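Heads up, upload.txt below (compact mmCIF, C-alpha atoms):
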```txt
# COMPACT_ATOMS: atom_id res chain seq x y z
CA MET A 160 -8.48 -15.63 -23.67
CA ALA A 161 -9.26 -16.11 -27.38
CA LEU A 162 -12.42 -17.49 -28.96
CA SER A 163 -12.28 -20.16 -31.62
CA ALA A 164 -13.56 -19.45 -35.11
CA GLU A 165 -16.78 -21.37 -34.31
CA GLU A 166 -17.31 -19.45 -31.06
CA SER A 167 -16.58 -16.16 -32.81
CA GLY A 168 -19.17 -17.01 -35.45
CA ARG A 169 -21.85 -17.66 -32.84
CA LEU A 170 -20.97 -14.41 -31.02
CA THR A 171 -21.14 -12.46 -34.27
CA GLY A 172 -24.52 -13.97 -35.11
CA LEU A 173 -25.87 -13.12 -31.67
CA LEU A 174 -24.59 -9.53 -31.71
CA ASP A 175 -25.57 -8.87 -35.32
CA GLY A 176 -28.97 -10.56 -35.17
CA HIS A 177 -30.11 -8.55 -32.13
CA ALA A 178 -28.14 -5.36 -32.78
CA GLU A 179 -30.87 -2.83 -31.97
CA ARG A 180 -32.05 -4.66 -28.86
CA ILE A 181 -28.49 -5.14 -27.57
CA THR A 182 -27.36 -1.53 -28.04
CA GLN A 183 -30.57 -0.12 -26.53
CA ARG A 184 -30.44 -2.36 -23.45
CA TRP A 185 -26.67 -1.85 -23.11
CA ALA A 186 -27.12 1.92 -23.06
CA GLU A 187 -29.95 1.62 -20.52
CA LEU A 188 -27.80 -0.42 -18.13
CA LEU A 189 -24.95 2.08 -18.42
CA ALA A 190 -27.26 5.03 -17.83
CA ALA A 191 -28.47 3.40 -14.62
CA SER A 192 -24.96 2.57 -13.38
CA LEU A 193 -23.56 6.03 -14.21
CA ARG A 194 -26.58 7.74 -12.61
CA GLY A 195 -27.22 10.23 -15.39
CA ARG A 196 -23.68 11.65 -15.52
CA LEU A 197 -23.65 11.10 -19.29
CA SER A 198 -26.51 11.78 -21.68
CA GLN A 199 -28.47 8.92 -23.21
CA ALA A 200 -27.37 10.05 -26.68
CA GLU A 201 -23.69 9.98 -25.73
CA LEU A 202 -24.00 6.56 -24.12
CA ARG A 203 -25.83 5.17 -27.13
CA ARG A 204 -23.11 6.50 -29.46
CA GLN A 205 -20.38 4.88 -27.37
CA VAL A 206 -22.27 1.59 -27.14
CA GLN A 207 -22.84 1.50 -30.89
CA GLU A 208 -19.12 2.07 -31.52
CA LEU A 209 -18.22 -0.74 -29.12
CA HIS A 210 -20.85 -3.04 -30.60
CA ARG A 211 -19.61 -2.45 -34.15
CA ALA A 212 -15.94 -2.85 -33.14
CA VAL A 213 -16.64 -6.16 -31.34
CA ILE A 214 -18.43 -7.55 -34.40
CA GLU A 215 -15.59 -6.49 -36.72
CA ALA A 216 -13.01 -8.07 -34.43
CA ALA A 217 -15.01 -11.32 -34.22
CA ARG A 218 -15.25 -11.44 -38.01
CA GLY A 219 -11.51 -11.14 -38.39
CA GLY A 220 -11.13 -14.83 -39.10
CA GLY A 221 -9.28 -17.50 -37.18
CA GLY A 222 -11.09 -16.70 -33.94
CA PHE A 223 -11.44 -13.64 -31.73
CA ASP A 224 -8.30 -12.50 -29.89
CA LEU A 225 -8.10 -8.99 -28.44
CA GLU A 226 -4.35 -8.92 -29.14
CA SER A 227 -4.76 -9.84 -32.81
CA GLU A 228 -4.37 -7.42 -35.70
CA SER A 229 -8.06 -7.72 -36.58
CA ALA A 230 -8.99 -6.36 -33.12
CA GLY A 231 -6.97 -3.15 -33.59
CA GLU A 232 -10.05 -0.97 -34.01
CA LEU A 233 -11.66 -2.52 -30.92
CA ARG A 234 -8.55 -1.77 -28.86
CA ALA A 235 -8.60 1.83 -30.12
CA VAL A 236 -12.28 2.25 -29.18
CA LEU A 237 -11.65 0.79 -25.72
CA ALA A 238 -8.62 3.04 -25.18
CA GLU A 239 -10.53 6.15 -26.21
CA LEU A 240 -13.44 5.18 -23.95
CA SER A 241 -11.05 4.76 -21.00
CA ARG A 242 -9.35 8.11 -21.63
CA GLY A 243 -12.69 9.86 -21.90
CA ARG A 244 -13.98 8.32 -18.67
CA ALA A 245 -10.78 9.27 -16.83
CA ARG A 246 -10.99 12.91 -17.98
CA GLN A 247 -14.65 13.06 -16.92
CA GLY A 248 -13.83 11.87 -13.40
CA PHE A 249 -15.29 8.36 -13.53
CA THR A 250 -13.80 5.59 -11.41
CA ALA A 251 -12.05 2.52 -12.80
CA THR A 252 -15.08 0.40 -11.87
CA GLU A 253 -17.52 2.71 -13.65
CA THR A 254 -15.29 2.55 -16.71
CA ALA A 255 -15.03 -1.24 -16.70
CA ILE A 256 -18.80 -1.60 -16.23
CA SER A 257 -19.20 0.04 -19.64
CA VAL A 258 -17.79 -3.18 -21.09
CA TYR A 259 -19.02 -5.71 -18.56
CA ALA A 260 -22.62 -4.58 -19.02
CA LEU A 261 -22.60 -6.39 -22.36
CA LYS A 262 -22.56 -9.71 -20.44
CA ASP A 263 -25.79 -8.76 -18.65
CA VAL A 264 -27.40 -8.00 -21.99
CA LEU A 265 -26.25 -11.31 -23.45
CA LEU A 266 -27.53 -13.17 -20.39
CA GLU A 267 -30.97 -11.61 -20.84
CA LEU A 268 -30.94 -12.70 -24.49
CA LEU A 269 -29.95 -16.25 -23.59
CA GLU A 270 -32.70 -16.47 -20.99
CA ALA A 271 -35.28 -15.14 -23.43
CA ASP A 272 -34.22 -17.65 -26.08
CA ALA A 273 -34.35 -20.55 -23.60
CA ALA A 274 -30.73 -21.37 -24.29
CA ASP A 275 -28.76 -24.11 -22.60
CA THR A 276 -28.94 -23.87 -18.78
CA ALA A 277 -25.23 -24.55 -18.35
CA LEU A 278 -24.37 -21.62 -20.63
CA ARG A 279 -26.68 -19.28 -18.72
CA ASP A 280 -25.15 -20.39 -15.43
CA TYR A 281 -21.65 -19.82 -16.79
CA VAL A 282 -22.50 -16.27 -17.86
CA ALA A 283 -24.07 -15.55 -14.45
CA PHE A 284 -21.09 -17.01 -12.58
CA SER A 285 -18.62 -15.07 -14.72
CA ALA A 286 -20.50 -11.86 -13.89
CA LEU A 287 -19.97 -12.60 -10.18
CA VAL A 288 -16.26 -13.17 -10.79
CA ASP A 289 -16.17 -9.84 -12.65
CA GLN A 290 -17.61 -8.09 -9.59
CA MET A 291 -14.94 -9.59 -7.35
CA GLY A 292 -12.23 -8.65 -9.82
CA LEU A 293 -13.51 -5.09 -10.06
CA PHE A 294 -13.55 -4.76 -6.28
CA THR A 295 -9.91 -5.80 -6.00
CA PHE A 296 -8.98 -3.58 -8.95
CA GLU A 297 -10.72 -0.56 -7.45
CA SER A 298 -8.99 -1.15 -4.11
CA PHE A 299 -5.65 -1.43 -5.88
CA VAL A 300 -6.23 1.80 -7.81
CA ARG A 301 -7.23 3.73 -4.67
CA THR A 302 -4.09 2.54 -2.88
CA ARG A 303 -1.88 3.44 -5.83
CA GLU A 304 -3.46 6.88 -6.11
CA SER A 305 -2.87 7.45 -2.41
CA LEU A 306 0.78 6.44 -2.76
CA ILE A 307 1.22 8.68 -5.81
CA ALA A 308 -0.35 11.62 -3.96
CA ASP A 309 1.97 11.09 -1.00
CA GLN A 310 5.00 10.85 -3.27
CA ALA A 311 3.95 13.99 -5.14
CA GLU A 312 3.69 15.88 -1.84
CA GLN A 313 7.11 14.62 -0.79
CA LEU A 314 8.59 15.69 -4.13
CA LEU A 315 7.07 19.15 -3.70
CA GLU A 316 8.70 19.48 -0.30
CA LEU A 317 12.05 18.25 -1.62
CA SER A 318 11.92 20.63 -4.57
CA THR A 319 11.33 23.67 -2.34
CA PRO A 320 14.08 23.71 0.30
CA VAL A 321 14.39 26.68 2.64
CA VAL A 322 18.04 27.09 3.68
CA LYS A 323 19.48 29.15 6.50
CA ILE A 324 22.61 30.66 4.94
CA TRP A 325 23.50 33.25 7.58
CA GLU A 326 22.34 34.34 10.97
CA GLY A 327 19.07 36.11 10.27
CA VAL A 328 19.09 35.22 6.54
CA VAL A 329 17.25 32.34 4.82
CA ALA A 330 17.03 31.51 1.13
CA VAL A 331 14.54 29.68 -1.08
CA PRO A 332 16.19 28.46 -4.32
CA LEU A 333 13.39 27.73 -6.77
CA VAL A 334 13.97 25.32 -9.67
CA GLY A 335 11.39 24.44 -12.32
CA THR A 336 7.84 25.60 -12.91
CA LEU A 337 6.03 27.39 -10.08
CA ASP A 338 2.36 26.42 -10.10
CA SER A 339 -0.32 27.10 -7.49
CA ALA A 340 0.27 23.90 -5.49
CA ARG A 341 4.02 24.38 -5.35
CA ALA A 342 3.67 28.10 -4.56
CA GLN A 343 1.53 27.17 -1.54
CA VAL A 344 4.22 24.76 -0.33
CA VAL A 345 6.92 27.43 -0.83
CA MET A 346 4.93 29.95 1.20
CA GLU A 347 4.21 27.51 4.04
CA ARG A 348 7.80 26.30 4.30
CA LEU A 349 9.23 29.82 4.13
CA LEU A 350 6.88 31.19 6.80
CA GLN A 351 7.55 28.22 9.07
CA THR A 352 11.32 28.68 8.68
CA LEU A 353 11.01 32.39 9.44
CA VAL A 354 9.19 31.52 12.64
CA ASP A 355 11.68 28.80 13.61
CA THR A 356 14.80 30.90 12.94
CA GLY A 357 13.49 34.38 13.69
CA SER A 358 15.15 35.57 10.48
CA PRO A 359 14.32 39.12 9.33
CA TYR A 360 15.51 38.56 5.75
CA ALA A 361 14.60 36.01 3.08
CA ILE A 362 16.03 35.59 -0.41
CA ILE A 363 13.81 34.06 -3.08
CA ASP A 364 16.10 32.92 -5.88
CA ILE A 365 14.40 32.25 -9.23
CA THR A 366 17.55 31.50 -11.23
CA GLY A 367 16.25 27.97 -11.87
CA VAL A 368 12.77 29.08 -12.95
CA PRO A 369 12.71 28.76 -16.76
CA ALA A 370 10.13 31.48 -17.38
CA VAL A 371 8.23 34.09 -15.40
CA ASP A 372 4.69 34.89 -16.51
CA THR A 373 1.91 36.78 -14.78
CA GLN A 374 0.82 33.71 -12.78
CA VAL A 375 4.35 32.96 -11.52
CA ALA A 376 4.87 36.63 -10.62
CA GLN A 377 1.61 36.65 -8.65
CA HIS A 378 2.73 33.57 -6.70
CA ILE A 379 6.06 35.23 -5.86
CA LEU A 380 4.39 38.48 -4.81
CA LYS A 381 1.95 36.65 -2.53
CA THR A 382 4.86 34.86 -0.87
CA VAL A 383 6.66 38.19 -0.34
CA VAL A 384 3.53 39.78 1.17
CA ALA A 385 3.03 36.80 3.48
CA ALA A 386 6.67 37.03 4.63
CA ARG A 387 6.27 40.76 5.29
CA LEU A 388 3.27 40.04 7.49
CA MET A 389 5.64 37.87 9.50
CA GLY A 390 8.05 40.81 9.82
CA ALA A 391 10.61 39.66 7.22
CA ASP A 392 11.86 41.50 4.13
CA CYS A 393 12.29 39.53 0.91
CA ILE A 394 14.84 39.99 -1.85
CA ILE A 395 14.22 38.37 -5.24
CA SER A 396 17.33 37.21 -7.06
CA GLY A 397 17.99 35.52 -10.37
CA ILE A 398 16.44 38.23 -12.57
CA ARG A 399 18.17 37.29 -15.83
CA PRO A 400 18.00 39.62 -18.88
CA GLN A 401 15.35 37.46 -20.59
CA ILE A 402 13.18 37.38 -17.47
CA ALA A 403 13.62 41.13 -16.97
CA GLN A 404 12.41 41.76 -20.54
CA THR A 405 9.41 39.47 -20.01
CA ILE A 406 8.47 41.21 -16.76
CA VAL A 407 8.62 44.63 -18.45
CA ALA A 408 6.62 43.39 -21.46
CA LEU A 409 3.91 41.96 -19.19
CA GLY A 410 3.77 45.14 -17.13
CA ILE A 411 4.42 43.30 -13.88
CA GLU A 412 5.25 45.59 -10.97
CA PHE A 413 7.35 44.39 -8.04
CA GLY A 414 6.93 47.75 -6.28
CA ASP A 415 9.49 48.36 -3.54
CA ILE A 416 10.68 44.75 -3.45
CA ALA A 417 14.46 44.52 -3.84
CA THR A 418 15.52 42.53 -6.90
CA LYS A 419 19.01 41.37 -7.83
CA ALA A 420 20.54 39.74 -10.89
CA SER A 421 22.17 36.87 -9.00
CA LEU A 422 22.09 35.09 -5.66
CA ALA A 423 25.57 36.45 -4.88
CA ASP A 424 24.32 40.04 -5.37
CA ALA A 425 21.34 39.32 -3.12
CA LEU A 426 23.62 37.91 -0.43
CA ARG A 427 25.86 40.99 -0.52
CA HIS A 428 22.78 43.22 -0.33
CA VAL A 429 21.39 41.39 2.70
CA LEU A 430 24.74 41.30 4.47
CA ARG A 431 25.07 45.05 4.02
CA LEU A 432 21.62 45.50 5.51
CA THR A 433 22.64 43.39 8.50
CA GLY A 434 25.83 45.40 8.96
CA VAL A 435 28.20 42.63 7.91
CA GLU A 436 31.12 43.81 5.79
CA THR A 437 31.64 41.86 2.58
CA ALA A 438 35.23 41.88 1.49
CA ARG A 439 35.95 41.61 -2.21
CA ARG A 440 39.15 39.91 -3.29
CA GLN A 441 41.77 42.37 -4.43
CA PRO A 442 44.58 41.34 -6.77
CA ARG A 443 47.78 40.64 -4.86
CA ARG A 444 50.44 43.28 -5.33
CA GLU A 445 53.91 42.33 -6.40
CA SER A 446 56.44 42.88 -3.61
```
Rewrite the structure from the file as structure tokens, please.
Amino acid sequence: MALSAEESGRLTGLLDGHAERITQRWAELLAASLRGRLSQAELRRQVQELHRAVIEAARGGGGFDLESESAGELRAVLAELSRGRARQGFTATETAISVYALKDVLLELLEADAADTALRDYVAFSALVDQMGLFTFESFVRTRESLIADQAEQLLELSTPVVKIWEGVVAVPLVGTLDSARAQVVMERLLQTLVDTGSPYAIIDITGVPAVDTQVAQHILKTVVAARLMGADCIISGIRPQIAQTIVALGIEFGDIATKASLADALRHVLRLTGVETARRQPRRES
């Protein structure tokens, strides 16, 4: 909704003529709503930036429209405020209140100046509508966050399959970055599969892991130790030349854990341990 040039002029006069009073009261209202989670100095700085940006946008000429070119700085200030609030852990409602609190300040000014009753009522009614809108918005955001969390968990499970490839042998082909959350899922799924299948051997294939650093190596080692506590031996495959050089450079020790260059080598190693003969193809002789 845009303001006409006449409405923008009155808004500019109100904001500019009571600048100190508005910014001080605005910061006080925010401090109360945020319950001291931001310092008074920080709130006052943010309020002053918003106050200045609103005035500049209203002075742009031809009315006040948030989508107009003259409101570019105001949009930038609002975007930066939103990003900062999100990083600091504030809710969507607490972020929106940082803007909506200006209406409370303006209502106090109108009441003090004995302005038109209809205008005061409109501002009060619009504040009530804002509260209802914020409630629905907050409910929407919570539901979306819950859906995203569920989908992220499902993606983690899909990206860490544990496959039974032979009697007594399971494999975990890892693809992509291995962070703490995913490493926990890998460990849980591997241990559960070992229990379900009674497999004594597990292959952890890291061919699809782009890089192995100290953190990734620690996650892999913890998974191997957990599997050993369940009575299963682990073989790590997919140790490419670049990864081998990185492991040596970082001084990472895998101890007595068997490592192989490829999944095929790991399979042959496990099958030998289980007593299964692996026949290699020989070239056919000419008769």
So which one's closest to Gly434 of chain A, A:Phe299, A:Ser396, A:Gly327, A:Arg196? Using all atoms listed in the file, please.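 Closest to Gly434 of chain A of all the choices is A:Gly327.
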Within-7 Å shell of (10.1, 42.0, -2.3) in input frame, all atoms listed in the file, as a PyMOL selection string: chain A and resi 383+392-395+413+415-417
Could you state the separation of atom CA of Thr352 of chain A and atom CA of Gln310 of chain A in Å, given to one decimal place?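 Between atom CA of Thr352 of chain A and atom CA of Gln310 of chain A the gap works out to 22.4 Å.
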Counting all atoms listed in the file, the residue of A:Glu239, A:Asp355, A:Asp364, A:Glu187 that sits nearest Leu333 of chain A
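Smallest separation from Leu333 of chain A among the options: A:Asp364.
With distances restricted to all atoms listed in the file, A:Val206 is the closest residue to Glu179 of chain A from A:Ala308, A:Val206, A:Met389, A:Gln374.
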- request: Excluding Ala178 of chain A and any residue of its chain fewer than 2 positions from it, enumerate the residues within 12 Å of it, using all atoms listed in the file, and give them as number ranges by chain.
  value: A: 170-176, 180-185, 206-211, 213-214, 261, 264-265, 268
From the list A:Leu202, A:Val344, A:Val354, A:Asp309, the nearest residue to Ala391 of chain A using only C-alpha atoms is A:Val354
As a check of understanding: the span from atom CA of Ala245 of chain A to atom CA of Leu197 of chain A is 13.2 Å
Atom CA of Ala216 of chain A sits from atom CA of Arg234 of chain A at a separation of 9.5 Å
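Distances here use all atoms listed in the file; by that measure, the residue among A:Val258, A:Leu380, A:Ala340, A:Ile307 closest to Val236 of chain A is A:Val258.
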When you look at Thr250 of chain A with a cut-off of 12 Å (counting only C-alpha atoms), what residues show up, excluding the ones that are within fewer than 5 positions of it in the same chain? I need them as a ChimeraX atom specification. /A:192-193,241-245,255-257,293-294,296-298,300-301,304
